[in-house]
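Report on the following structure.
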Amino acid sequence: MIYEYPCDLTPDDDGSLVATFADVPEAITGGMNRSEALAFAEDALGTALAGYVHEKRDIPEPGEALPGQALVRVPTIVAAKLALYSAMREQHVTKVELARRLGISESAVRKLANPDHRSHVGHLQRALRAVGRSLRVEVTAA
């Protein structure tokens with residue numbers, strides 16, 4: 001799954017732009033211009049989706065972008081953690097079981113699965129493989 005969500009940018013009364021996501025209604029932010037609003041939207045989206053993990057909720061699938069909507073992606077590390085969380089949830093793999101599969105402590109897996117904790121991408125790739133997933137990074141023109 002690509003963690004890229006359609007974002008609505010709506011002018012506010014003060015001339016700023018409000019950024020919202022139909023698929024992730026908890027992610028609301030804004031900025032004085034399009035560039036700033038989209039930069040803040042990426043952070044708000046990642047934070048809101050981390051909240052889904054902390055609340056043990058399913059990560060919503062991104063909908064199709066409509067004309068005029070911007071697409072906002074979460075940072076790569078956050079996307080990897082969301083994918084790990086979703087795979088573990090789907091397969092009913094506990095943190096203890098993932099720790100056993102990886103040969104590491106359960107506390108290390110807790111950190112690895114926490115979207116708010118910094119992790120090395122190599123460790124996430126290994127954990128994703130342990131649940132039958134892989135991480136693919138694609139670089140495109142901006």
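Just remember, in the structure tokens the first chain shown is A, the second B, etc., residues are 1-based per chain, and ligands are 1-based in the order shown.
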
Do you know which residues are at most 10 Å from Arg136 of chain A counting only C-alpha atoms, after dropping those on the same chain fewer than 4 positions away, and could you put them as number ranges by chain? A: 2, 76, 80, 125

All strand (DSSP E or B) positions in segment 6-137 of chain A, as an NGL selection string: :A and (6-11 or 17-20 or 28-31 or 70-73)

Given the selection you just returned, output its residues as a file containing N, CA and C atoms, formatted as a JSON list (two decimals), in the first residue's frame.
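Below is the file that was written, result.json:
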```json
[["chain", "number", "residue", "atom", "x", "y", "z"],
["A", 6, "PRO", "N", -5.41, 11.80, -0.31],
["A", 6, "PRO", "CA", -5.91, 13.05, -0.90],
["A", 6, "PRO", "C", -6.17, 14.08, 0.19],
["A", 7, "CYS", "N", -5.77, 15.31, -0.09],
["A", 7, "CYS", "CA", -5.87, 16.41, 0.87],
["A", 7, "CYS", "C", -6.64, 17.56, 0.24],
["A", 8, "ASP", "N", -7.60, 18.08, 0.97],
["A", 8, "ASP", "CA", -8.33, 19.27, 0.56],
["A", 8, "ASP", "C", -7.69, 20.49, 1.19],
["A", 9, "LEU", "N", -7.43, 21.51, 0.38],
["A", 9, "LEU", "CA", -6.93, 22.79, 0.88],
["A", 9, "LEU", "C", -8.04, 23.81, 0.70],
["A", 10, "THR", "N", -8.52, 24.32, 1.81],
["A", 10, "THR", "CA", -9.66, 25.23, 1.80],
["A", 10, "THR", "C", -9.24, 26.59, 2.35],
["A", 11, "PRO", "N", -9.53, 27.67, 1.63],
["A", 11, "PRO", "CA", -9.19, 29.00, 2.15],
["A", 11, "PRO", "C", -9.94, 29.29, 3.45],
["A", 17, "LEU", "N", -4.69, 28.68, 4.42],
["A", 17, "LEU", "CA", -5.31, 27.47, 3.87],
["A", 17, "LEU", "C", -5.43, 26.42, 4.95],
["A", 18, "VAL", "N", -6.58, 25.78, 5.04],
["A", 18, "VAL", "CA", -6.81, 24.69, 5.97],
["A", 18, "VAL", "C", -6.67, 23.38, 5.20],
["A", 19, "ALA", "N", -5.87, 22.46, 5.71],
["A", 19, "ALA", "CA", -5.65, 21.15, 5.08],
["A", 19, "ALA", "C", -6.41, 20.09, 5.86],
["A", 20, "THR", "N", -7.24, 19.33, 5.15],
["A", 20, "THR", "CA", -8.00, 18.24, 5.76],
["A", 20, "THR", "C", -7.93, 17.01, 4.88],
["A", 28, "ILE", "N", -5.87, 17.55, 10.70],
["A", 28, "ILE", "CA", -6.30, 18.89, 10.30],
["A", 28, "ILE", "C", -5.16, 19.85, 10.63],
["A", 29, "THR", "N", -4.79, 20.66, 9.67],
["A", 29, "THR", "CA", -3.73, 21.64, 9.88],
["A", 29, "THR", "C", -3.92, 22.76, 8.87],
["A", 30, "GLY", "N", -2.95, 23.61, 8.74],
["A", 30, "GLY", "CA", -3.05, 24.69, 7.78],
["A", 30, "GLY", "C", -1.75, 25.43, 7.65],
["A", 31, "GLY", "N", -1.75, 26.38, 6.74],
["A", 31, "GLY", "CA", -0.57, 27.19, 6.52],
["A", 31, "GLY", "C", -0.94, 28.47, 5.80],
["A", 70, "ALA", "N", -4.71, 17.72, -3.43],
["A", 70, "ALA", "CA", -3.29, 17.40, -3.42],
["A", 70, "ALA", "C", -3.13, 16.00, -2.83],
["A", 71, "LEU", "N", -2.05, 15.32, -3.18],
["A", 71, "LEU", "CA", -1.73, 14.03, -2.57],
["A", 71, "LEU", "C", -0.60, 14.23, -1.58],
["A", 72, "VAL", "N", -0.79, 13.74, -0.37],
["A", 72, "VAL", "CA", 0.19, 13.90, 0.70],
["A", 72, "VAL", "C", 0.62, 12.52, 1.16],
["A", 73, "ARG", "N", 1.93, 12.30, 1.17],
["A", 73, "ARG", "CA", 2.49, 11.03, 1.65],
["A", 73, "ARG", "C", 3.08, 11.21, 3.03]]
```

Find the residues around segment 104-119 of chain A up to 7 Å (only C-alpha atoms counted), leave out those fewer than 6 positions away in its own chain, and share them as a ChimeraX atom specification. /A:50,78,81,84-85,95-96

For Leu82 of chain A, the nearest of the candidates A:Gly46, A:Pro67, A:Pro62, A:Gly103, counting only C-alpha atoms: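 Of A:Gly46, A:Pro67, A:Pro62, A:Gly103, the one nearest Leu82 of chain A, counting only C-alpha atoms, is A:Gly46.
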
Can you pull out the residues contacting Arg57 of chain A? Cut-off 12 Å, using only C-alpha atoms, and skip same-chain residues under 3 positions away; I want them as a ChimeraX atom specification. /A:24,48-54,60,82,85-86,89-90

Please determine, counting only C-alpha atoms, which residue among A:Phe40, A:Ala130, A:Lys56, A:Ser35 has the shortest atom-to-atom distance to Arg100 of chain A.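 Once distances to Arg100 of chain A are computed over only C-alpha atoms, the minimum belongs to A:Ala130.
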
Hey, can you check how far atom CA of Gly68 of chain A sits from atom CA of Tyr5 of chain A?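 Between atom CA of Gly68 of chain A and atom CA of Tyr5 of chain A the gap works out to 13.2 Å.
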
Taking the backbone alone, and naming residues the way the document does, which bits of segment 24-133 of chain A are alpha helix (DSSP H) by DSSP, as a PyMOL selection string? chain A and resi 34-54+76-91+95-102+106-113+121-130

Hey, what's within 10 Å of Gly132 of chain A if we count only C-alpha atoms and toss same-chain stuff fewer than 4 positions away? As a ChimeraX atom specification, please? /A:84,87-88,91,126-128

Option closest in space to Arg129 of chain A, from A:Ala27, A:Leu102, A:Ala37, A:Ile77 [counting only C-alpha atoms]: A:Leu102

One-decimal distance in Å that lies between atom CA of Val74 of chain A and atom CA of Glu138 of chain A: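 Straight-line distance from atom CA of Glu138 of chain A to atom CA of Val74 of chain A works out to 13.5 Å.
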